[in-house]
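Here's input.txt, which has compact mmCIF, C-alpha atoms and all ligand atoms:
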```txt
# COMPACT_ATOMS: atom_id res chain seq x y z
CA MET M 1 89.60 120.75 135.10
CA SER M 2 86.28 119.24 136.13
CA GLN M 3 85.99 115.50 136.63
CA VAL M 4 82.71 114.80 134.90
CA HIS M 5 82.14 111.15 134.05
CA HIS M 6 79.54 109.60 131.76
CA PRO M 7 78.00 106.13 131.92
CA LEU M 8 79.61 103.70 129.46
CA SER M 9 76.62 103.64 127.14
CA ASP M 10 78.11 102.32 123.92
CA PHE M 11 79.78 99.11 125.14
CA ILE M 12 78.23 96.11 123.41
CA GLU M 13 78.32 92.72 125.14
CA TYR M 14 78.41 89.65 122.89
CA SER M 15 78.06 86.02 123.86
CA GLU M 16 81.33 84.07 124.10
CA ALA M 17 80.43 82.22 120.91
CA GLU M 18 79.86 85.52 119.14
CA MET M 19 83.09 86.94 120.52
CA LEU M 20 85.07 83.99 119.22
CA ASN M 21 83.37 84.31 115.89
CA ARG M 22 84.09 88.05 115.75
CA ALA M 23 87.72 87.52 116.79
CA GLN M 24 88.18 84.87 114.09
CA HIS M 25 86.47 87.05 111.51
CA ASN M 26 88.65 90.03 112.41
CA TYR M 27 91.79 87.91 112.07
CA GLN M 28 90.64 86.63 108.67
CA GLN M 29 90.04 90.22 107.56
CA ILE M 30 93.23 91.78 108.87
CA ARG M 31 95.42 88.95 107.56
CA ARG M 32 94.33 90.05 104.08
CA ARG M 33 96.13 93.35 104.58
CA HIS M 34 99.38 93.33 102.66
CA SER M 35 101.87 96.09 102.04
CA ILE M 36 102.00 96.60 98.31
CA ARG M 37 104.26 98.78 96.19
CA LYS M 38 102.24 99.09 93.00
CA PHE M 39 99.25 101.39 93.26
CA SER M 40 96.64 102.33 90.68
CA ASN M 41 96.07 106.02 90.03
CA ARG M 42 92.32 105.49 90.47
CA SER M 43 90.90 108.20 92.69
CA VAL M 44 89.49 107.60 96.16
CA PRO M 45 86.96 110.05 97.64
CA LYS M 46 88.25 112.36 100.35
CA ALA M 47 85.22 111.47 102.53
CA ILE M 48 86.61 107.92 102.98
CA ILE M 49 89.99 109.22 104.10
CA GLU M 50 88.29 111.64 106.50
CA GLN M 51 86.42 108.79 108.23
CA CYS M 52 89.64 106.76 108.53
CA ILE M 53 91.45 109.71 110.12
CA LEU M 54 88.53 110.18 112.52
CA ALA M 55 88.93 106.50 113.49
CA ALA M 56 92.68 107.01 114.03
CA GLY M 57 91.90 109.97 116.26
CA THR M 58 90.02 107.71 118.69
CA ALA M 59 93.24 105.86 119.63
CA PRO M 60 94.11 105.61 123.32
CA ASN M 61 96.82 108.13 124.11
CA GLY M 62 98.66 109.91 126.90
CA ALA M 63 96.33 112.07 129.04
CA ASN M 64 94.04 112.37 126.00
CA HIS M 65 96.26 115.12 124.59
CA GLN M 66 95.95 113.44 121.17
CA PRO M 67 99.54 114.24 120.19
CA TRP M 68 99.13 113.77 116.44
CA HIS M 69 98.42 115.55 113.22
CA PHE M 70 97.49 113.92 109.91
CA VAL M 71 98.22 115.58 106.58
CA ALA M 72 96.26 113.84 103.81
CA ILE M 73 97.84 114.61 100.46
CA ASN M 74 95.98 114.30 97.19
CA SER M 75 97.70 117.17 95.38
CA PRO M 76 99.78 115.89 92.41
CA GLN M 77 102.30 118.69 92.97
CA VAL M 78 102.86 117.83 96.64
CA LYS M 79 103.03 114.10 95.86
CA ALA M 80 105.63 114.77 93.15
CA GLN M 81 107.69 116.80 95.60
CA ILE M 82 107.53 114.00 98.19
CA ARG M 83 108.52 111.40 95.61
CA HIS M 84 111.44 113.54 94.47
CA GLU M 85 112.79 114.06 98.00
CA ALA M 86 112.11 110.49 99.15
CA GLU M 87 113.83 108.95 96.13
CA ALA M 88 116.94 111.09 96.66
CA LEU M 89 117.17 109.82 100.25
CA GLU M 90 116.47 106.23 99.26
CA GLN M 91 119.19 106.35 96.61
CA ALA M 92 121.72 107.19 99.32
CA PHE M 93 120.19 104.50 101.56
CA TYR M 94 120.44 101.74 98.96
CA ALA M 95 123.87 102.94 97.81
CA GLY M 96 125.29 102.06 101.21
CA ARG M 97 123.96 104.30 103.96
CA ALA M 98 121.75 101.42 105.15
CA GLY M 99 124.73 99.12 105.77
CA GLU M 100 125.13 95.55 104.57
CA GLU M 101 122.99 93.81 107.18
CA TRP M 102 119.98 96.04 106.57
CA LEU M 103 120.27 95.73 102.78
CA ASP M 104 120.49 91.93 103.16
CA ALA M 105 117.34 91.96 105.30
CA LEU M 106 115.49 93.86 102.57
CA LYS M 107 116.57 91.56 99.71
CA PRO M 108 113.60 89.16 100.00
CA LEU M 109 111.23 92.14 99.70
CA GLY M 110 112.84 93.35 96.49
CA THR M 111 112.54 97.02 97.45
CA ASN M 112 114.64 99.70 95.80
CA ALA M 113 114.99 103.47 95.60
CA ASP M 114 112.26 103.93 92.98
CA LYS M 115 109.03 105.09 94.58
CA PRO M 116 106.60 105.74 91.69
CA TYR M 117 103.70 104.87 94.01
CA LEU M 118 104.31 108.11 95.89
CA GLU M 119 102.83 109.80 92.80
CA HIS M 120 100.48 107.10 91.54
CA ALA M 121 98.52 106.45 94.72
CA PRO M 122 95.63 108.86 95.25
CA TRP M 123 96.45 109.54 98.91
CA LEU M 124 99.58 109.92 100.98
CA ILE M 125 98.91 110.46 104.67
CA ALA M 126 101.78 112.02 106.58
CA ILE M 127 101.50 111.49 110.32
CA PHE M 128 103.17 113.96 112.66
CA SER M 129 103.80 113.48 116.37
CA LYS M 130 103.56 116.46 118.66
CA LYS M 131 105.75 116.63 121.72
CA ARG M 132 103.77 119.68 122.86
CA ASN M 133 100.31 120.94 122.01
CA GLU M 134 100.59 124.60 121.17
CA GLU M 135 97.08 125.39 120.01
CA GLU M 136 95.63 128.78 120.86
CA GLY M 137 98.65 129.93 122.78
CA GLU M 138 98.59 127.01 125.23
CA GLN M 139 101.78 125.07 125.95
CA LYS M 140 100.94 121.53 127.00
CA THR M 141 103.54 118.81 127.33
CA ASN M 142 102.41 115.56 125.73
CA TYR M 143 103.06 112.14 127.26
CA TYR M 144 103.80 108.75 125.73
CA VAL M 145 103.93 110.48 122.38
CA HIS M 146 105.59 107.65 120.43
CA GLU M 147 103.27 105.02 121.87
CA SER M 148 100.19 107.16 121.27
CA VAL M 149 101.06 108.00 117.67
CA GLY M 150 102.03 104.38 117.02
CA ILE M 151 98.60 103.20 118.18
CA ALA M 152 96.83 105.90 116.14
CA THR M 153 98.83 104.85 113.08
CA GLY M 154 97.74 101.25 113.64
CA PHE M 155 94.13 102.37 113.91
CA LEU M 156 94.54 104.35 110.67
CA ILE M 157 95.99 101.40 108.76
CA GLN M 158 93.21 99.15 110.09
CA ALA M 159 90.55 101.71 109.11
CA LEU M 160 91.95 102.10 105.60
CA HIS M 161 92.07 98.33 105.13
CA HIS M 162 88.57 97.92 106.53
CA ALA M 163 87.31 100.58 104.13
CA GLY M 164 88.73 98.53 101.26
CA LEU M 165 91.98 100.33 100.50
CA ALA M 166 95.46 98.93 100.06
CA THR M 167 98.20 100.48 102.20
CA LEU M 168 101.94 100.81 102.51
CA THR M 169 103.94 102.30 105.37
CA HIS M 170 106.92 104.39 104.36
CA THR M 171 109.56 105.88 106.61
CA PRO M 172 112.19 107.66 104.53
CA LYS M 173 115.25 108.48 106.60
CA PRO M 174 115.58 111.26 107.61
CA MET M 175 111.95 112.28 107.25
CA SER M 176 112.44 115.95 108.08
CA PHE M 177 111.70 117.01 104.47
CA LEU M 178 108.07 116.02 105.12
CA SER M 179 107.71 118.83 107.66
CA LYS M 180 108.55 121.44 105.04
CA VAL M 181 106.60 119.85 102.21
CA CYS M 182 103.51 119.48 104.43
CA GLY M 183 103.77 122.96 105.94
CA ARG M 184 104.33 121.49 109.43
CA ASP M 185 107.79 122.93 110.06
CA LYS M 186 107.15 123.54 113.76
CA SER M 187 109.49 122.95 116.69
CA ASN M 188 106.87 120.83 118.51
CA GLU M 189 106.19 118.43 115.63
CA ARG M 190 108.10 115.54 114.06
CA PRO M 191 107.18 113.47 111.02
CA TYR M 192 106.33 109.97 112.24
CA MET M 193 105.34 107.95 109.18
CA LEU M 194 103.92 108.20 105.71
CA ILE M 195 101.00 105.93 104.77
CA ILE M 196 100.28 105.34 101.10
CA ALA M 197 96.63 104.44 100.42
CA GLY M 198 94.68 103.58 97.30
CA TYR M 199 93.70 100.75 94.99
CA PRO M 200 96.35 98.18 94.09
CA SER M 201 97.37 98.22 90.44
CA ASP M 202 96.51 95.08 88.45
CA ASP M 203 100.09 93.84 88.68
CA ALA M 204 100.53 94.45 92.43
CA THR M 205 102.34 91.59 94.19
CA VAL M 206 103.11 90.47 97.72
CA PRO M 207 106.59 89.10 98.39
CA GLU M 208 106.54 85.49 99.64
CA HIS M 209 108.74 86.62 102.54
CA ALA M 210 106.06 89.04 103.78
CA LEU M 211 103.50 86.22 103.96
CA GLN M 212 105.50 84.24 106.47
CA LYS M 213 103.96 85.24 109.77
CA LYS M 214 105.19 83.81 113.05
CA SER M 215 102.94 81.24 114.74
CA LEU M 216 100.95 81.97 117.88
CA ASP M 217 103.49 79.93 119.89
CA GLU M 218 106.28 82.13 118.63
CA ILE M 219 104.61 85.45 119.33
CA ALA M 220 102.64 84.72 122.50
CA SER M 221 102.91 83.06 125.89
CA PHE M 222 100.01 82.41 128.22
CA LEU M 223 100.66 82.26 131.94
N1 LIG M 301 112.67 102.90 103.44
C1 LIG M 301 113.23 102.07 102.41
C2 LIG M 301 113.79 100.79 102.92
C3 LIG M 301 112.89 99.86 103.62
C4 LIG M 301 113.13 99.59 104.94
C5 LIG M 301 112.40 98.67 105.62
I1 LIG M 301 112.89 98.21 107.51
C6 LIG M 301 111.34 97.99 104.97
O1 LIG M 301 110.59 97.06 105.67
C7 LIG M 301 111.09 98.26 103.65
C8 LIG M 301 111.87 99.21 102.97
C9 LIG M 301 112.23 101.84 101.28
O2 LIG M 301 111.07 102.23 101.40
O3 LIG M 301 112.60 101.29 100.26
```

Could you rewrite the structure in this file as structure tokens?
Amino acid sequence: MSQVHHPLSDFIEYSEAEMLNRAQHNYQQIRRRHSIRKFSNRSVPKAIIEQCILAAGTAPNGANHQPWHFVAINSPQVKAQIRHEAEALEQAFYAGRAGEEWLDALKPLGTNADKPYLEHAPWLIAIFSKKRNEEEGEQKTNYYVHESVGIATGFLIQALHHAGLATLTHTPKPMSFLSKVCGRDKSNERPYMLIIAGYPSDDATVPEHALQKKSLDEIASFL
């Protein structure tokens, strides 16, 4: 592989005052992102989702192998199938598979096995991690797959929020049904997470518990 480098032509330098202002503004924007569980069935154009996935695809990742695949689902049939399978798993989870401690931890959120939003929301985005890239007959091992896909997922959530959409992360356990439903039943791919995106319904709420964020002192140290 050649080692061509390009000048860093798109870096923008801001004054320190501007940087502080931008950092504060970004915090004020991102702190308005809340996981919600009541979505409107109002449609959202595919073009918006495409731009958000493009943004996710710019995430830093191992050796730039980009070990991810995004399946954006708008089809009512596929969404119904996902809801059906996810609810069956969640019923077992809430009936005891989770264990007492986990169920106690979820109590303040008020979650349960019913997942109507998996059908109501216009878009479900299933994210797959790829332990190998197998495009066009090549066999390339991927590196730092979990870290890379985690960062890309963060970028995706940020992009969706920035675009003006509400989001929810969902990780049914086990998630293997997503591979089949999404047509990604390949030995090199694993479902990583499901992101629900759309408009909140008029009666969407945020649990008080979810608003309690740790202070800077609690989450950071400066040496
Ligand atoms: N996946 C389940 C349970 C659940 C687990 C965690 I950790 C949460 O932060 C929220 C929910 C569900 O979606 O209900």

Problem set entry | Near-stretch 202-211 of chain M list (8 Å; all atoms listed in the file; drop same-chain fewer than 2 positions) as a list of chain:residue names |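 Contacts, with the query itself left out: M:His34, M:Ser35, M:Ile36, M:Arg37, M:Lys38, M:Phe39, M:Ser40, M:Pro108, M:Leu109, M:Gly110, M:Pro200, M:Lys213.
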
Problem set entry | Contacts of stretch 162-177 of chain M within 8 Å, all atoms listed in the file, excl. fewer than 2 positions in-chain, as a PyMOL selection string | chain M and resi 29+33-37+48+52+85-86+89-90+157-160+179-181+190-200

Problem set entry | Distance criterion (only C-alpha atoms and all ligand atoms): nearest to ligand LIG 301 (chain M) out of M:Val145, M:Ile82, M:Leu106, M:Ala59 | M:Leu106

Exercise. At a cut-off of 10 Å from (117.3, 108.0, 96.8) in the coordinates of the file, what residues are picked up using all atoms listed in the file, written as a ChimeraX atom specification?
Worked result: /M:83-95,112-115,172

For this session: Write out as a ChimeraX atom specification which residues come within 12 Å of M:Glu50 when counting all atoms listed in the file, dropping same-chain ones fewer than 3 positions away.
Result: /M:44-47,53-57,70-73,123,125,156,159-160,163

Please give the centre and size of the box around stretch 3-8 of chain M (axis-aligned, containing every atom listed in the file, 4 Å added per side), with values in Å to one decimal and written as JSON.
```
{"center_x": 82.0, "center_y": 109.6, "center_z": 133.0, "size_x": 16.0, "size_y": 19.8, "size_z": 15.2}
```

Problem set entry | Two-atom distance - atom CA of M:His69, atom CA of M:Ser129 (Å) |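 We find that atom CA of M:His69 and atom CA of M:Ser129 lie 6.6 Å from each other.
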
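The two atoms in question, atom CA of M:Tyr27 and atom CA of M:Ile219, are spaced 14.9 Å apart.
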
For this session: Could you jot down the atom CA of M:Asp10 to atom CA of M:Arg22 separation for me, Å, one decimal place?
Result: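 Computing it gives 17.5 Å between the two atoms.
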